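Novice: Sharing target36.cif here; it has mmCIF, C-alpha atoms.
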```
data_coords
loop_
_atom_site.label_atom_id
_atom_site.label_comp_id
_atom_site.auth_asym_id
_atom_site.auth_seq_id
_atom_site.Cartn_x
_atom_site.Cartn_y
_atom_site.Cartn_z
CA MET A 1 136.74 41.56 75.78
CA SER A 2 135.08 38.29 74.83
CA LEU A 3 138.18 36.40 75.93
CA ILE A 4 138.01 38.04 79.36
CA ARG A 5 134.31 37.24 79.53
CA ARG A 6 134.97 33.61 78.70
CA VAL A 7 137.32 33.25 81.65
CA LEU A 8 135.60 35.76 83.94
CA PRO A 9 131.89 36.07 83.22
CA PHE A 10 131.38 39.02 85.59
CA PRO A 11 134.66 40.99 85.80
CA LEU A 12 133.25 43.71 88.08
CA MET A 13 131.79 41.18 90.48
CA PHE A 14 135.11 39.35 90.46
CA LEU A 15 136.85 42.57 91.48
CA ALA A 16 134.26 43.28 94.17
CA LEU A 17 134.66 39.80 95.66
CA VAL A 18 138.46 40.10 95.72
CA VAL A 19 138.18 43.47 97.50
CA MET A 20 135.72 41.94 99.98
CA TRP A 21 138.14 39.10 100.67
CA LEU A 22 141.04 41.50 101.23
CA LEU A 23 138.91 43.60 103.59
CA LEU A 24 137.89 40.50 105.53
CA LYS A 25 141.47 39.29 105.84
CA GLN A 26 142.81 42.83 106.36
CA SER A 27 145.94 42.22 104.38
CA VAL A 28 147.29 42.49 100.85
CA ALA A 29 149.87 39.72 101.12
CA PRO A 30 150.34 37.82 97.83
CA GLY A 31 148.90 34.64 99.33
CA THR A 32 145.74 36.44 100.43
CA VAL A 33 145.31 38.05 97.03
CA LEU A 34 145.78 34.72 95.28
CA PHE A 35 143.32 32.90 97.51
CA GLY A 36 140.87 35.79 97.25
CA ALA A 37 141.07 35.61 93.46
CA LEU A 38 140.35 31.89 93.67
CA VAL A 39 137.28 32.48 95.87
CA ALA A 40 136.08 35.27 93.57
CA PHE A 41 136.61 33.03 90.55
CA GLY A 42 134.38 30.37 92.10
CA GLY A 43 131.85 33.01 93.13
CA THR A 44 131.49 34.50 89.67
CA TRP A 45 131.06 31.09 88.08
CA ALA A 46 128.44 30.13 90.66
CA MET A 47 126.65 33.32 89.59
CA VAL A 48 126.52 32.07 85.99
CA ALA A 49 124.23 29.24 87.15
CA LEU A 50 121.78 31.85 88.48
CA ASP A 51 121.77 33.56 85.08
CA PRO A 52 121.06 37.12 86.25
CA PRO A 53 119.66 39.56 83.69
CA PRO A 54 122.42 41.86 82.43
CA ALA A 55 122.89 45.06 84.42
CA ARG A 56 124.52 48.21 83.20
CA LEU A 57 125.48 51.14 85.32
CA ARG A 58 125.38 54.43 83.49
CA ARG A 59 126.12 57.96 84.55
CA PRO A 60 128.53 57.64 87.49
CA ARG A 61 127.71 61.25 88.36
CA ALA A 62 124.08 60.31 88.93
CA VAL A 63 125.25 57.46 91.17
CA LEU A 64 127.20 59.90 93.34
CA GLN A 65 124.33 62.36 93.37
CA LEU A 66 121.89 59.65 94.46
CA ALA A 67 124.29 58.40 97.14
CA GLY A 68 124.56 61.94 98.51
CA ARG A 69 120.80 62.42 98.59
CA VAL A 70 120.22 59.09 100.32
CA PHE A 71 122.94 59.83 102.86
CA ILE A 72 121.25 63.09 103.83
CA ASP A 73 117.77 61.54 103.83
CA VAL A 74 118.83 58.69 106.11
CA PHE A 75 119.78 61.19 108.83
CA ARG A 76 116.74 63.35 108.19
CA SER A 77 114.28 60.46 108.38
CA ASN A 78 115.99 58.97 111.44
CA LEU A 79 115.44 62.28 113.18
CA ALA A 80 111.81 62.45 112.04
CA VAL A 81 111.01 58.90 113.16
CA GLY A 82 112.85 59.41 116.45
CA ARG A 83 110.65 62.44 117.09
CA ILE A 84 107.50 60.48 116.30
CA ILE A 85 108.52 57.67 118.67
CA LEU A 86 109.43 59.96 121.56
CA GLY A 87 106.74 62.57 120.88
CA GLU A 88 103.10 62.71 121.85
CA ALA A 89 100.86 59.69 121.24
CA GLU A 90 98.81 61.65 118.72
CA ARG A 91 101.80 61.78 116.35
CA ARG A 92 101.86 58.00 116.13
CA THR A 93 98.36 57.79 114.65
CA HIS A 94 99.11 59.14 111.17
CA ALA A 95 100.52 55.89 109.78
CA GLY A 96 98.89 54.39 106.71
CA PHE A 97 99.21 52.71 103.35
CA MET A 98 99.66 54.51 100.08
CA SER A 99 100.25 53.42 96.53
CA LEU A 100 102.04 55.08 93.65
CA ARG A 101 102.79 54.30 90.06
CA LEU A 102 106.42 53.83 89.09
CA GLU A 103 107.70 54.27 85.57
CA MET A 104 110.86 52.32 86.33
CA THR A 105 110.74 48.63 85.39
CA ASP A 106 114.41 47.67 85.71
CA ARG A 107 114.80 45.00 88.40
CA TYR A 108 118.07 46.38 89.72
CA GLY A 109 116.65 49.87 89.90
CA LEU A 110 113.66 48.57 91.85
CA ALA A 111 115.96 46.64 94.17
CA VAL A 112 117.99 49.78 94.91
CA LEU A 113 114.78 51.74 95.47
CA ALA A 114 113.65 49.07 97.95
CA ILE A 115 116.94 49.43 99.82
CA ILE A 116 116.63 53.22 99.88
CA LEU A 117 113.05 53.14 101.16
CA THR A 118 113.94 50.66 103.88
CA CYS A 119 117.10 52.51 104.90
CA THR A 120 115.13 55.68 105.44
CA PRO A 121 112.93 54.87 108.43
CA GLY A 122 109.40 56.12 107.98
CA THR A 123 108.82 54.51 104.61
CA GLN A 124 108.42 50.76 104.20
CA TRP A 125 108.19 48.96 100.87
CA VAL A 126 105.29 46.51 101.12
CA SER A 127 104.69 45.10 97.67
CA TYR A 128 105.26 45.89 94.02
CA ASP A 129 102.90 44.81 91.28
CA PRO A 130 104.95 44.42 88.08
CA SER A 131 101.89 44.07 85.82
CA ARG A 132 100.48 47.44 86.85
CA GLY A 133 103.77 49.03 87.83
CA THR A 134 102.38 50.10 91.20
CA LEU A 135 104.14 50.09 94.52
CA LEU A 136 102.35 49.70 97.84
CA LEU A 137 104.06 51.52 100.69
CA HIS A 138 103.47 51.91 104.38
CA VAL A 139 104.33 55.37 105.65
CA LEU A 140 104.66 56.24 109.31
CA ASP A 141 103.82 59.91 108.91
CA LEU A 142 101.17 59.89 106.20
CA VAL A 143 99.87 63.44 106.36
CA ASP A 144 100.27 64.33 102.71
CA GLU A 145 100.41 61.39 100.28
CA LEU A 146 101.35 63.60 97.37
CA GLU A 147 104.42 64.88 99.16
CA TRP A 148 105.72 61.34 99.69
CA ALA A 149 104.94 60.37 96.10
CA GLU A 150 106.84 63.41 94.85
CA LEU A 151 109.78 62.65 97.13
CA ILE A 152 110.11 59.10 95.83
CA LYS A 153 109.52 59.91 92.18
CA LEU A 154 111.44 63.14 91.78
CA ARG A 155 114.20 62.62 94.31
CA TYR A 156 114.98 58.94 93.70
CA GLU A 157 113.21 57.47 90.69
CA VAL A 158 114.44 60.05 88.19
CA LEU A 159 118.07 59.39 89.12
CA LEU A 160 117.58 55.64 89.32
CA ARG A 161 116.14 55.60 85.82
CA GLU A 162 119.09 57.59 84.55
CA ILE A 163 121.45 55.07 86.12
CA PHE A 164 119.77 51.79 85.21
CA GLU A 165 117.63 52.40 82.13
CA MET B 1 139.63 45.74 126.47
CA SER B 2 143.06 45.64 128.05
CA GLU B 3 144.32 47.98 125.35
CA ALA B 4 141.81 50.71 126.15
CA PRO B 5 144.19 52.85 128.25
CA ASP B 6 146.50 53.15 125.22
CA LEU B 7 143.87 55.10 123.33
CA PRO B 8 144.79 58.80 123.19
CA LEU B 9 142.30 61.13 124.85
CA TRP B 10 140.88 62.63 121.64
CA ALA B 11 140.22 59.19 120.19
CA ALA B 12 138.75 57.90 123.44
CA LEU B 13 136.34 60.84 123.57
CA LEU B 14 135.36 60.54 119.92
CA VAL B 15 134.85 56.78 120.16
CA SER B 16 132.80 56.97 123.34
CA VAL B 17 130.57 59.71 121.92
CA LEU B 18 129.97 57.68 118.75
CA VAL B 19 129.32 54.42 120.57
CA LEU B 20 126.96 56.08 123.06
CA LEU B 21 125.13 57.89 120.29
CA GLY B 22 124.72 54.66 118.31
CA ALA B 23 123.43 52.87 121.41
CA VAL B 24 120.94 55.66 122.18
CA ILE B 25 119.60 55.62 118.63
CA ALA B 26 119.19 51.84 118.74
CA LEU B 27 117.42 52.25 122.09
CA ILE B 28 115.01 54.81 120.58
CA GLY B 29 114.27 52.25 117.85
CA SER B 30 113.50 49.64 120.50
CA ILE B 31 111.27 52.08 122.40
CA GLY B 32 109.49 52.56 119.09
CA LEU B 33 108.69 48.84 119.00
CA LEU B 34 106.98 49.30 122.35
CA ARG B 35 105.16 52.55 121.67
CA LEU B 36 104.01 52.28 118.08
CA PRO B 37 100.42 51.03 117.85
CA ASP B 38 100.34 48.35 115.12
CA PHE B 39 102.52 45.86 113.31
CA TYR B 40 103.13 47.92 110.15
CA SER B 41 104.21 50.95 112.16
CA ARG B 42 106.52 48.83 114.28
CA VAL B 43 108.36 47.65 111.19
CA HIS B 44 109.73 51.19 110.83
CA ALA B 45 111.32 51.30 114.27
CA PRO B 46 114.23 48.84 113.97
CA SER B 47 115.51 50.67 110.87
CA LEU B 48 116.77 53.37 113.22
CA GLY B 49 119.18 50.93 114.83
CA ALA B 50 120.09 49.37 111.48
CA THR B 51 121.01 52.66 109.79
CA VAL B 52 122.39 55.58 111.78
CA GLY B 53 122.63 53.55 115.00
CA ALA B 54 124.77 50.87 113.42
CA GLY B 55 126.65 53.53 111.43
CA CYS B 56 127.76 55.36 114.59
CA LEU B 57 128.88 52.12 116.26
CA LEU B 58 130.81 51.04 113.17
CA VAL B 59 132.57 54.38 112.69
CA GLY B 60 133.44 54.30 116.41
CA SER B 61 134.86 50.81 116.00
CA MET B 62 136.84 51.86 112.92
CA ILE B 63 138.41 54.82 114.71
CA CYS B 64 139.15 52.81 117.86
CA PHE B 65 140.94 49.92 116.20
CA SER B 66 142.65 52.04 113.54
CA VAL B 67 144.21 54.20 116.26
CA LEU B 68 145.13 51.23 118.46
CA GLN B 69 146.84 49.32 115.68
CA GLY B 70 148.26 52.35 113.90
CA ARG B 71 146.84 51.49 110.48
CA MET B 72 143.57 51.99 108.63
CA LEU B 73 141.11 49.25 109.49
CA VAL B 74 137.93 49.62 107.51
CA HIS B 75 136.47 46.13 107.35
CA GLU B 76 133.47 47.50 109.28
CA LEU B 77 132.40 48.83 105.88
CA LEU B 78 131.51 45.26 104.99
CA ILE B 79 129.19 44.99 108.00
CA ALA B 80 127.50 48.22 106.93
CA LEU B 81 127.17 46.95 103.38
CA PHE B 82 125.67 43.59 104.33
CA LEU B 83 123.37 45.17 106.89
CA THR B 84 122.10 47.61 104.26
CA ILE B 85 121.43 45.03 101.58
CA THR B 86 119.89 42.36 103.83
CA THR B 87 117.53 44.35 106.11
CA PRO B 88 115.12 45.21 103.26
CA VAL B 89 114.71 41.50 102.48
CA THR B 90 113.58 40.65 106.01
CA LEU B 91 111.40 43.71 106.49
CA MET B 92 109.73 43.26 103.10
CA LEU B 93 109.06 39.60 103.87
CA LEU B 94 107.52 40.48 107.24
CA ALA B 95 105.38 43.27 105.80
CA ARG B 96 104.10 41.14 102.94
CA ALA B 97 103.35 38.19 105.22
CA ALA B 98 101.43 40.49 107.58
CA LEU B 99 99.51 42.04 104.69
CA HIS B 100 98.60 38.61 103.35
CA ARG B 101 97.42 37.41 106.76
CA ASP B 102 95.40 40.56 107.45
CA ARG B 103 93.73 40.40 104.05
CA VAL B 104 92.84 36.72 104.43
CA GLU B 105 91.52 37.26 107.95
CA ARG B 106 89.76 40.50 106.92
CA ASN B 107 90.47 41.94 110.35
CA GLY B 108 90.56 45.54 109.18
CA ASP B 109 94.24 46.12 109.96
CA ALA B 110 95.11 46.39 106.28
CA PRO B 111 93.15 47.78 103.33
CA GLU B 112 91.18 45.11 101.40
CA ARG B 113 92.77 46.30 98.16
CA ASP B 114 95.62 48.63 97.27
CA PRO B 115 94.77 52.32 97.47
CA GLU B 116 94.41 54.07 94.11
CA PRO B 117 97.96 54.73 92.86
CA ILE B 118 99.11 58.32 92.72
CA ASP B 119 100.26 59.47 89.30
CA ILE B 120 102.76 62.23 88.91
CA ALA B 121 103.40 63.35 85.37
#
```
Please go through the file and, once you have read it, give me the structure as structure tokens.

Specialist:
Amino acid sequence: MSLIRRVLPFPLMFLALVVMWLLLKQSVAPGTVLFGALVAFGGTWAMVALDPPPARLRRPRAVLQLAGRVFIDVFRSNLAVGRIILGEAERRTHAGFMSLRLEMTDRYGLAVLAIILTCTPGTQWVSYDPSRGTLLLHVLDLVDELEWAELIKLRYEVLLREIFE
Amino acid sequence: MSEAPDLPLWAALLVSVLVLLGAVIALIGSIGLLRLPDFYSRVHAPSLGATVGAGCLLVGSMICFSVLQGRMLVHELLIALFLTITTPVTLMLLARAALHRDRVERNGDAPERDPEPIDIA
């Protein structure tokens, strides 16, 4: 393992970059694979200079479960926001800021949560205060703050913590 | 699109439905930019085009070119991936810049301080 790490500091990232290269070139010819491996090799070593904190993915089942939930929620929230946009003017006046406390502190988990909240229209990540562990959000349909807080904490944060912490 | 007539009917129908749907959703997002009242609300609107809107267009593109060339072409997945991981960066930057400006100007568009955080045990 340590020998692999000495040559390839981030084996998973190396693999991901090779796959990306093959997808871009749309072929699996030996030349493409070889060149892709070279690019991925350079990429992973460039990453060493950035010195990212170690990340570990646990519980692949939780990953799938989270992906499924987000997939459903993306459609659901698109529909909801579409209705607000095309509906009566009164419906567009419920927007507002809210804040909630997160127990998750893992940077990767927070990054994924930011992606989820942005991908589901209707919630927008505004700022996160790491010293207090609070997240400021802007919500388009802020009728019940507690409902949104429960959605984020119980539907996403619990799974994210299982995966990253 | 000189190759378009070669597309079998089922694929042509499927692709046109997907592309039209994606375009309509992106259009609704753009209408949102026009109709929503303030900056923070408007930030929500383009996500429609960037998520399901783009998704429909990309699946349409995948089906179209996979059928035309007779092999699986899925490099659109990369577009979806990069779109998903880069939009939050821009939107977050815009929202934070707006919040900073509004708080410095004290124009009442944003709360002076963060609302009390909600705790859920």

Novice: Determine the nearest neighbour of Gly108 (chain B) from the options B:Asp38, B:Pro88, B:Ile28, B:Leu58, counting all atoms listed in the file.

Specialist: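 So, comparing all the options, the nearest one is B:Asp38.
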
Novice: Just so the selection is clear, what residues does the PyMOL selection byres ((chain A) within 8 of (chain B)) cover here, as a PyMOL selection string?

Specialist: chain A and resi 20+23-24+26+74-75+78+81-82+85-86+92-93+95+97-101+114-115+118-127+134-136+138-140+146+149-150+153

Novice: Can you pull out the residues contacting Leu57 (chain A)? Cut-off 10 Å, using all atoms listed in the file, and skip same-chain residues under 4 positions away; I want them as an NGL selection string.

Specialist: :A and (62-63 or 108 or 160 or 162-165)

Novice: For CA of Leu7 (chain B) and CA of Cys56 (chain B), quote the distance in Å rounded to one decimal.

Specialist: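 So the two atoms, CA of Leu7 (chain B) and CA of Cys56 (chain B), lie 18.3 Å apart.
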
Novice: Can you tell me how far CA of Ile63 (chain B) sits from CA of Asp6 (chain B), in Å to one decimal?

Specialist: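 Distance between the two atoms: 13.4 Å.
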
Novice: Starting from the incomplete input, reconstruct N, CA and C atoms of region 84-117 of chain A and write that as a PDB file, keeping the file's coordinate frame.

Specialist:
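Final output, part.pdb:
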```pdb
ATOM      1  N   ILE A  84     108.836  61.077 116.227  1.00  0.00           N
ATOM      2  CA  ILE A  84     107.500  60.480 116.300  1.00  0.00           C
ATOM      3  C   ILE A  84     107.428  59.481 117.454  1.00  0.00           C
ATOM      4  N   ILE A  85     108.518  58.696 117.610  1.00  0.00           N
ATOM      5  CA  ILE A  85     108.520  57.670 118.670  1.00  0.00           C
ATOM      6  C   ILE A  85     108.499  58.314 120.047  1.00  0.00           C
ATOM      7  N   LEU A  86     109.321  59.366 120.219  1.00  0.00           N
ATOM      8  CA  LEU A  86     109.430  59.960 121.560  1.00  0.00           C
ATOM      9  C   LEU A  86     108.392  61.042 121.803  1.00  0.00           C
ATOM     10  N   GLY A  87     107.702  61.480 120.725  1.00  0.00           N
ATOM     11  CA  GLY A  87     106.740  62.570 120.880  1.00  0.00           C
ATOM     12  C   GLY A  87     105.414  62.132 121.471  1.00  0.00           C
ATOM     13  N   GLU A  88     104.423  63.003 121.291  1.00  0.00           N
ATOM     14  CA  GLU A  88     103.100  62.710 121.850  1.00  0.00           C
ATOM     15  C   GLU A  88     102.456  61.534 121.115  1.00  0.00           C
ATOM     16  N   ALA A  89     101.524  60.868 121.800  1.00  0.00           N
ATOM     17  CA  ALA A  89     100.860  59.690 121.240  1.00  0.00           C
ATOM     18  C   ALA A  89     100.099  60.028 119.965  1.00  0.00           C
ATOM     19  N   GLU A  90      99.604  61.252 119.881  1.00  0.00           N
ATOM     20  CA  GLU A  90      98.810  61.650 118.720  1.00  0.00           C
ATOM     21  C   GLU A  90      99.631  61.542 117.438  1.00  0.00           C
ATOM     22  N   ARG A  91     100.942  61.808 117.542  1.00  0.00           N
ATOM     23  CA  ARG A  91     101.800  61.780 116.350  1.00  0.00           C
ATOM     24  C   ARG A  91     101.968  60.384 115.786  1.00  0.00           C
ATOM     25  N   ARG A  92     101.677  59.373 116.594  1.00  0.00           N
ATOM     26  CA  ARG A  92     101.860  58.000 116.130  1.00  0.00           C
ATOM     27  C   ARG A  92     100.611  57.434 115.489  1.00  0.00           C
ATOM     28  N   THR A  93      99.618  58.289 115.208  1.00  0.00           N
ATOM     29  CA  THR A  93      98.360  57.790 114.650  1.00  0.00           C
ATOM     30  C   THR A  93      98.199  58.143 113.171  1.00  0.00           C
ATOM     31  N   HIS A  94      99.252  58.729 112.569  1.00  0.00           N
ATOM     32  CA  HIS A  94      99.110  59.140 111.170  1.00  0.00           C
ATOM     33  C   HIS A  94      99.613  58.102 110.185  1.00  0.00           C
ATOM     34  N   ALA A  95      99.963  56.901 110.674  1.00  0.00           N
ATOM     35  CA  ALA A  95     100.520  55.890 109.780  1.00  0.00           C
ATOM     36  C   ALA A  95      99.447  55.358 108.835  1.00  0.00           C
ATOM     37  N   GLY A  96      99.868  54.942 107.640  1.00  0.00           N
ATOM     38  CA  GLY A  96      98.890  54.390 106.710  1.00  0.00           C
ATOM     39  C   GLY A  96      99.544  53.886 105.435  1.00  0.00           C
ATOM     40  N   PHE A  97      98.720  53.233 104.615  1.00  0.00           N
ATOM     41  CA  PHE A  97      99.210  52.710 103.350  1.00  0.00           C
ATOM     42  C   PHE A  97      98.978  53.722 102.240  1.00  0.00           C
ATOM     43  N   MET A  98      99.881  53.731 101.279  1.00  0.00           N
ATOM     44  CA  MET A  98      99.660  54.510 100.080  1.00  0.00           C
ATOM     45  C   MET A  98     100.243  53.751  98.889  1.00  0.00           C
ATOM     46  N   SER A  99      99.806  54.123  97.711  1.00  0.00           N
ATOM     47  CA  SER A  99     100.250  53.420  96.530  1.00  0.00           C
ATOM     48  C   SER A  99     100.654  54.453  95.484  1.00  0.00           C
ATOM     49  N   LEU A 100     101.691  54.147  94.722  1.00  0.00           N
ATOM     50  CA  LEU A 100     102.040  55.080  93.650  1.00  0.00           C
ATOM     51  C   LEU A 100     102.523  54.307  92.434  1.00  0.00           C
ATOM     52  N   ARG A 101     102.400  54.951  91.294  1.00  0.00           N
ATOM     53  CA  ARG A 101     102.790  54.300  90.060  1.00  0.00           C
ATOM     54  C   ARG A 101     104.238  54.647  89.738  1.00  0.00           C
ATOM     55  N   LEU A 102     105.024  53.609  89.454  1.00  0.00           N
ATOM     56  CA  LEU A 102     106.420  53.830  89.090  1.00  0.00           C
ATOM     57  C   LEU A 102     106.594  53.632  87.588  1.00  0.00           C
ATOM     58  N   GLU A 103     107.420  54.470  86.994  1.00  0.00           N
ATOM     59  CA  GLU A 103     107.700  54.270  85.570  1.00  0.00           C
ATOM     60  C   GLU A 103     108.873  53.317  85.372  1.00  0.00           C
ATOM     61  N   MET A 104     109.675  53.160  86.414  1.00  0.00           N
ATOM     62  CA  MET A 104     110.860  52.320  86.330  1.00  0.00           C
ATOM     63  C   MET A 104     110.449  50.849  86.317  1.00  0.00           C
ATOM     64  N   THR A 105     111.052  50.061  85.415  1.00  0.00           N
ATOM     65  CA  THR A 105     110.740  48.630  85.390  1.00  0.00           C
ATOM     66  C   THR A 105     111.983  47.777  85.605  1.00  0.00           C
ATOM     67  N   ASP A 106     113.156  48.407  85.567  1.00  0.00           N
ATOM     68  CA  ASP A 106     114.410  47.670  85.710  1.00  0.00           C
ATOM     69  C   ASP A 106     114.492  47.032  87.098  1.00  0.00           C
ATOM     70  N   ARG A 107     114.807  45.731  87.119  1.00  0.00           N
ATOM     71  CA  ARG A 107     114.800  45.000  88.400  1.00  0.00           C
ATOM     72  C   ARG A 107     115.855  45.522  89.371  1.00  0.00           C
ATOM     73  N   TYR A 108     117.016  45.893  88.828  1.00  0.00           N
ATOM     74  CA  TYR A 108     118.070  46.380  89.720  1.00  0.00           C
ATOM     75  C   TYR A 108     117.707  47.743  90.296  1.00  0.00           C
ATOM     76  N   GLY A 109     117.100  48.563  89.425  1.00  0.00           N
ATOM     77  CA  GLY A 109     116.650  49.870  89.900  1.00  0.00           C
ATOM     78  C   GLY A 109     115.627  49.728  91.009  1.00  0.00           C
ATOM     79  N   LEU A 110     114.686  48.795  90.828  1.00  0.00           N
ATOM     80  CA  LEU A 110     113.660  48.570  91.850  1.00  0.00           C
ATOM     81  C   LEU A 110     114.294  48.050  93.137  1.00  0.00           C
ATOM     82  N   ALA A 111     115.298  47.176  92.985  1.00  0.00           N
ATOM     83  CA  ALA A 111     115.960  46.640  94.170  1.00  0.00           C
ATOM     84  C   ALA A 111     116.645  47.761  94.952  1.00  0.00           C
ATOM     85  N   VAL A 112     117.309  48.674  94.222  1.00  0.00           N
ATOM     86  CA  VAL A 112     117.990  49.780  94.910  1.00  0.00           C
ATOM     87  C   VAL A 112     116.962  50.692  95.567  1.00  0.00           C
ATOM     88  N   LEU A 113     115.827  50.919  94.881  1.00  0.00           N
ATOM     89  CA  LEU A 113     114.780  51.740  95.470  1.00  0.00           C
ATOM     90  C   LEU A 113     114.255  51.098  96.763  1.00  0.00           C
ATOM     91  N   ALA A 114     114.117  49.769  96.749  1.00  0.00           N
ATOM     92  CA  ALA A 114     113.650  49.070  97.950  1.00  0.00           C
ATOM     93  C   ALA A 114     114.625  49.272  99.094  1.00  0.00           C
ATOM     94  N   ILE A 115     115.927  49.221  98.775  1.00  0.00           N
ATOM     95  CA  ILE A 115     116.940  49.430  99.820  1.00  0.00           C
ATOM     96  C   ILE A 115     116.852  50.852 100.357  1.00  0.00           C
ATOM     97  N   ILE A 116     116.694  51.821  99.450  1.00  0.00           N
ATOM     98  CA  ILE A 116     116.630  53.220  99.880  1.00  0.00           C
ATOM     99  C   ILE A 116     115.421  53.424 100.794  1.00  0.00           C
ATOM    100  N   LEU A 117     114.267  52.905 100.378  1.00  0.00           N
ATOM    101  CA  LEU A 117     113.050  53.140 101.160  1.00  0.00           C
ATOM    102  C   LEU A 117     113.122  52.454 102.519  1.00  0.00           C
TER     103      LEU A 117
END
```
